[in-house]
Amino acid sequence: MEHILEIIKEFAIIITSVTTIIVLIKKFLVEPIDKKINNLEISSIRTDLVNFINDLENNVSKSAIQKLNAHQLYTRYEQLGGNSYIHSHWEKLKKEGKI
């Protein structure tokens, strides 16, 4: 019985150690990589939205699918915490009925 308790204690120590290692890997490796990916994604989306908004402001017509794509990009941009200048132009174009 004592031997079984010792095995259980060793197993608990191993589980705790592995869990600690996983948490540290996530904190120091995965999270910085995720942040860099999000920064790249928001930069790419911002460029696409600026181009889309600029086209609409210059009366370049857009198809329904292009508008749908822009809406999806804008939603993702907001989720990532995008800048307000995109938001203000977006809302202006919505009020004008261009989006």
# chains A, B, ... in the order shown; residues from 1 in each chain; ligands from 1
>>> residues_around(residues="Leu73 (chain A)", least_positions_apart="5", cutoff="12 Å", atoms="only C-alpha atoms", output="VMD selection string")
chain A and resid 41 to 50 52 66 to 68 78 to 80 82 86 90
>>> write_last_selection(atoms="C-alpha atoms", output="CSV table (one decimal), in the first residue's frame")
chain,number,residue,atom,x,y,z
A,41,GLU,CA,-3.2,40.4,-39.5
A,42,ILE,CA,-4.5,43.8,-38.4
A,43,SER,CA,-2.0,45.6,-40.6
A,44,SER,CA,-3.1,43.6,-43.6
A,45,ILE,CA,-6.7,44.2,-42.9
A,46,ARG,CA,-6.1,47.9,-42.3
A,47,THR,CA,-4.5,48.2,-45.7
A,48,ASP,CA,-7.4,46.4,-47.4
A,49,LEU,CA,-10.0,48.5,-45.6
A,50,VAL,CA,-8.2,51.8,-46.4
A,52,PHE,CA,-11.8,49.8,-50.0
A,66,GLN,CA,-16.6,42.9,-52.4
A,67,LYS,CA,-18.9,44.7,-49.9
A,68,LEU,CA,-19.5,41.4,-48.1
A,78,GLU,CA,-12.8,45.5,-34.7
A,79,GLN,CA,-12.2,42.2,-32.9
A,80,LEU,CA,-8.5,42.8,-33.1
A,82,GLY,CA,-8.5,48.3,-34.8
A,86,ILE,CA,-11.1,53.4,-40.0
A,90,TRP,CA,-16.6,53.3,-42.3
>>> residues_around(residues="Lys62 (chain A)", least_positions_apart="4", cutoff="12 Å", atoms="only C-alpha atoms", output="PyMOL selection string")
chain A and resi 51-58+66-70+98-99
>>> write_last_selection(atoms="N, CA and C atoms", output="PDB file, in the first residue's frame")
ATOM      1  N   ASN A  51      -7.910  50.806 -48.642  1.00  0.00           N
ATOM      2  CA  ASN A  51      -8.087  50.774 -50.099  1.00  0.00           C
ATOM      3  C   ASN A  51      -9.564  50.725 -50.482  1.00  0.00           C
ATOM      4  N   PHE A  52     -10.315  49.901 -49.778  1.00  0.00           N
ATOM      5  CA  PHE A  52     -11.753  49.775 -50.047  1.00  0.00           C
ATOM      6  C   PHE A  52     -12.460  51.105 -49.790  1.00  0.00           C
ATOM      7  N   ILE A  53     -12.193  51.706 -48.632  1.00  0.00           N
ATOM      8  CA  ILE A  53     -12.815  52.980 -48.270  1.00  0.00           C
ATOM      9  C   ILE A  53     -12.420  54.071 -49.254  1.00  0.00           C
ATOM     10  N   ASN A  54     -11.152  54.109 -49.612  1.00  0.00           N
ATOM     11  CA  ASN A  54     -10.679  55.103 -50.572  1.00  0.00           C
ATOM     12  C   ASN A  54     -11.401  54.964 -51.914  1.00  0.00           C
ATOM     13  N   ASP A  55     -11.558  53.740 -52.362  1.00  0.00           N
ATOM     14  CA  ASP A  55     -12.286  53.518 -53.621  1.00  0.00           C
ATOM     15  C   ASP A  55     -13.714  54.038 -53.529  1.00  0.00           C
ATOM     16  N   LEU A  56     -14.400  53.718 -52.423  1.00  0.00           N
ATOM     17  CA  LEU A  56     -15.780  54.174 -52.273  1.00  0.00           C
ATOM     18  C   LEU A  56     -15.862  55.695 -52.206  1.00  0.00           C
ATOM     19  N   GLU A  57     -14.920  56.306 -51.515  1.00  0.00           N
ATOM     20  CA  GLU A  57     -14.922  57.765 -51.417  1.00  0.00           C
ATOM     21  C   GLU A  57     -14.653  58.419 -52.777  1.00  0.00           C
ATOM     22  N   ASN A  58     -13.990  57.683 -53.658  1.00  0.00           N
ATOM     23  CA  ASN A  58     -13.724  58.179 -55.012  1.00  0.00           C
ATOM     24  C   ASN A  58     -14.717  57.637 -56.030  1.00  0.00           C
ATOM     25  N   GLN A  66     -17.667  42.050 -52.923  1.00  0.00           N
ATOM     26  CA  GLN A  66     -16.595  42.888 -52.390  1.00  0.00           C
ATOM     27  C   GLN A  66     -17.060  43.598 -51.113  1.00  0.00           C
ATOM     28  N   LYS A  67     -18.303  44.036 -51.113  1.00  0.00           N
ATOM     29  CA  LYS A  67     -18.852  44.686 -49.917  1.00  0.00           C
ATOM     30  C   LYS A  67     -18.988  43.690 -48.765  1.00  0.00           C
ATOM     31  N   LEU A  68     -19.424  42.469 -49.088  1.00  0.00           N
ATOM     32  CA  LEU A  68     -19.528  41.430 -48.061  1.00  0.00           C
ATOM     33  C   LEU A  68     -18.157  41.126 -47.470  1.00  0.00           C
ATOM     34  N   ASN A  69     -17.175  41.001 -48.321  1.00  0.00           N
ATOM     35  CA  ASN A  69     -15.808  40.756 -47.863  1.00  0.00           C
ATOM     36  C   ASN A  69     -15.322  41.898 -46.972  1.00  0.00           C
ATOM     37  N   ALA A  70     -15.611  43.126 -47.365  1.00  0.00           N
ATOM     38  CA  ALA A  70     -15.203  44.280 -46.568  1.00  0.00           C
ATOM     39  C   ALA A  70     -15.871  44.272 -45.198  1.00  0.00           C
ATOM     40  N   LYS A  98     -23.180  53.970 -49.010  1.00  0.00           N
ATOM     41  CA  LYS A  98     -22.205  53.376 -49.941  1.00  0.00           C
ATOM     42  C   LYS A  98     -21.766  51.988 -49.497  1.00  0.00           C
ATOM     43  N   ILE A  99     -21.976  51.692 -48.244  1.00  0.00           N
ATOM     44  CA  ILE A  99     -21.610  50.362 -47.717  1.00  0.00           C
ATOM     45  C   ILE A  99     -22.883  49.644 -47.329  1.00  0.00           C
TER      46      ILE A  99
END
>>> select_by_dssp(residues="chain A", states="alpha helix (DSSP H)", output="PyMOL selection string")
chain A and resi 2-25+31-57+64-79+84-95
>>> atom_distance(atom1="CA of Lys27 (chain A)", atom2="CA of Glu10 (chain A)")
25.8 Å
>>> decode(residues="chain A", atoms="C-alpha atoms", output="CSV table (one decimal), in the first residue's frame")
chain,number,residue,atom,x,y,z
A,1,MET,CA,0.0,0.0,0.0
A,2,GLU,CA,2.8,2.4,0.9
A,3,HIS,CA,4.4,1.6,-2.5
A,4,ILE,CA,1.2,2.6,-4.3
A,5,LEU,CA,1.0,5.9,-2.4
A,6,GLU,CA,4.6,6.7,-3.3
A,7,ILE,CA,3.8,6.0,-7.0
A,8,ILE,CA,0.8,8.3,-6.8
A,9,LYS,CA,2.9,11.1,-5.2
A,10,GLU,CA,5.6,10.7,-8.0
A,11,PHE,CA,2.8,10.8,-10.6
A,12,ALA,CA,1.4,14.0,-9.1
A,13,ILE,CA,4.8,15.6,-9.1
A,14,ILE,CA,5.3,14.7,-12.8
A,15,ILE,CA,1.9,16.1,-13.7
A,16,THR,CA,2.6,19.3,-11.9
A,17,SER,CA,5.9,19.7,-13.5
A,18,VAL,CA,4.6,19.0,-17.0
A,19,THR,CA,1.7,21.5,-16.4
A,20,THR,CA,4.2,24.2,-15.2
A,21,ILE,CA,6.3,23.6,-18.3
A,22,ILE,CA,3.3,23.9,-20.6
A,23,VAL,CA,2.2,27.1,-19.0
A,24,LEU,CA,5.7,28.6,-19.3
A,25,ILE,CA,5.9,27.6,-22.9
A,26,LYS,CA,2.6,29.2,-23.6
A,27,LYS,CA,3.5,32.4,-21.8
A,28,PHE,CA,6.9,32.9,-23.3
A,29,LEU,CA,6.6,31.3,-26.8
A,30,VAL,CA,3.0,31.0,-27.9
A,31,GLU,CA,1.6,34.3,-26.7
A,32,PRO,CA,4.3,36.5,-28.3
A,33,ILE,CA,3.9,34.6,-31.6
A,34,ASP,CA,0.1,35.1,-31.4
A,35,LYS,CA,0.6,38.8,-30.7
A,36,LYS,CA,2.9,39.1,-33.8
A,37,ILE,CA,0.4,37.2,-36.0
A,38,ASN,CA,-2.4,39.5,-34.8
A,39,ASN,CA,-0.3,42.6,-35.5
A,40,LEU,CA,0.4,41.3,-39.0
A,41,GLU,CA,-3.2,40.4,-39.5
A,42,ILE,CA,-4.5,43.8,-38.4
A,43,SER,CA,-2.0,45.6,-40.6
A,44,SER,CA,-3.1,43.6,-43.6
A,45,ILE,CA,-6.7,44.2,-42.9
A,46,ARG,CA,-6.1,47.9,-42.3
A,47,THR,CA,-4.5,48.2,-45.7
A,48,ASP,CA,-7.4,46.4,-47.4
A,49,LEU,CA,-10.0,48.5,-45.6
A,50,VAL,CA,-8.2,51.8,-46.4
A,51,ASN,CA,-8.1,50.8,-50.1
A,52,PHE,CA,-11.8,49.8,-50.0
A,53,ILE,CA,-12.8,53.0,-48.3
A,54,ASN,CA,-10.7,55.1,-50.6
A,55,ASP,CA,-12.3,53.5,-53.6
A,56,LEU,CA,-15.8,54.2,-52.3
A,57,GLU,CA,-14.9,57.8,-51.4
A,58,ASN,CA,-13.7,58.2,-55.0
A,59,ASN,CA,-17.0,56.7,-56.3
A,60,VAL,CA,-15.4,53.4,-57.5
A,61,SER,CA,-18.3,50.9,-57.6
A,62,LYS,CA,-17.9,47.7,-55.7
A,63,SER,CA,-19.7,44.4,-56.2
A,64,ALA,CA,-21.9,42.8,-53.6
A,65,ILE,CA,-19.3,40.2,-52.8
A,66,GLN,CA,-16.6,42.9,-52.4
A,67,LYS,CA,-18.9,44.7,-49.9
A,68,LEU,CA,-19.5,41.4,-48.1
A,69,ASN,CA,-15.8,40.8,-47.9
A,70,ALA,CA,-15.2,44.3,-46.6
A,71,HIS,CA,-17.8,43.8,-43.9
A,72,GLN,CA,-16.1,40.6,-42.8
A,73,LEU,CA,-12.7,42.3,-42.7
A,74,TYR,CA,-14.2,45.2,-40.8
A,75,THR,CA,-15.7,42.9,-38.2
A,76,ARG,CA,-12.3,41.1,-37.7
A,77,TYR,CA,-10.6,44.5,-37.6
A,78,GLU,CA,-12.8,45.5,-34.7
A,79,GLN,CA,-12.2,42.2,-32.9
A,80,LEU,CA,-8.5,42.8,-33.1
A,81,GLY,CA,-8.9,46.3,-31.6
A,82,GLY,CA,-8.5,48.3,-34.8
A,83,ASN,CA,-8.0,52.1,-34.9
A,84,SER,CA,-10.8,54.6,-34.8
A,85,TYR,CA,-10.0,56.4,-38.0
A,86,ILE,CA,-11.1,53.4,-40.0
A,87,HIS,CA,-14.2,53.3,-37.9
A,88,SER,CA,-15.1,56.9,-38.5
A,89,HIS,CA,-14.7,56.6,-42.3
A,90,TRP,CA,-16.6,53.3,-42.3
A,91,GLU,CA,-19.6,54.9,-40.4
A,92,LYS,CA,-19.5,58.0,-42.7
A,93,LEU,CA,-19.8,55.7,-45.7
A,94,LYS,CA,-22.6,53.7,-44.1
A,95,LYS,CA,-24.6,56.9,-43.5
A,96,GLU,CA,-24.1,57.8,-47.1
A,97,GLY,CA,-25.4,54.4,-48.2
A,98,LYS,CA,-22.2,53.4,-49.9
A,99,ILE,CA,-21.6,50.4,-47.7
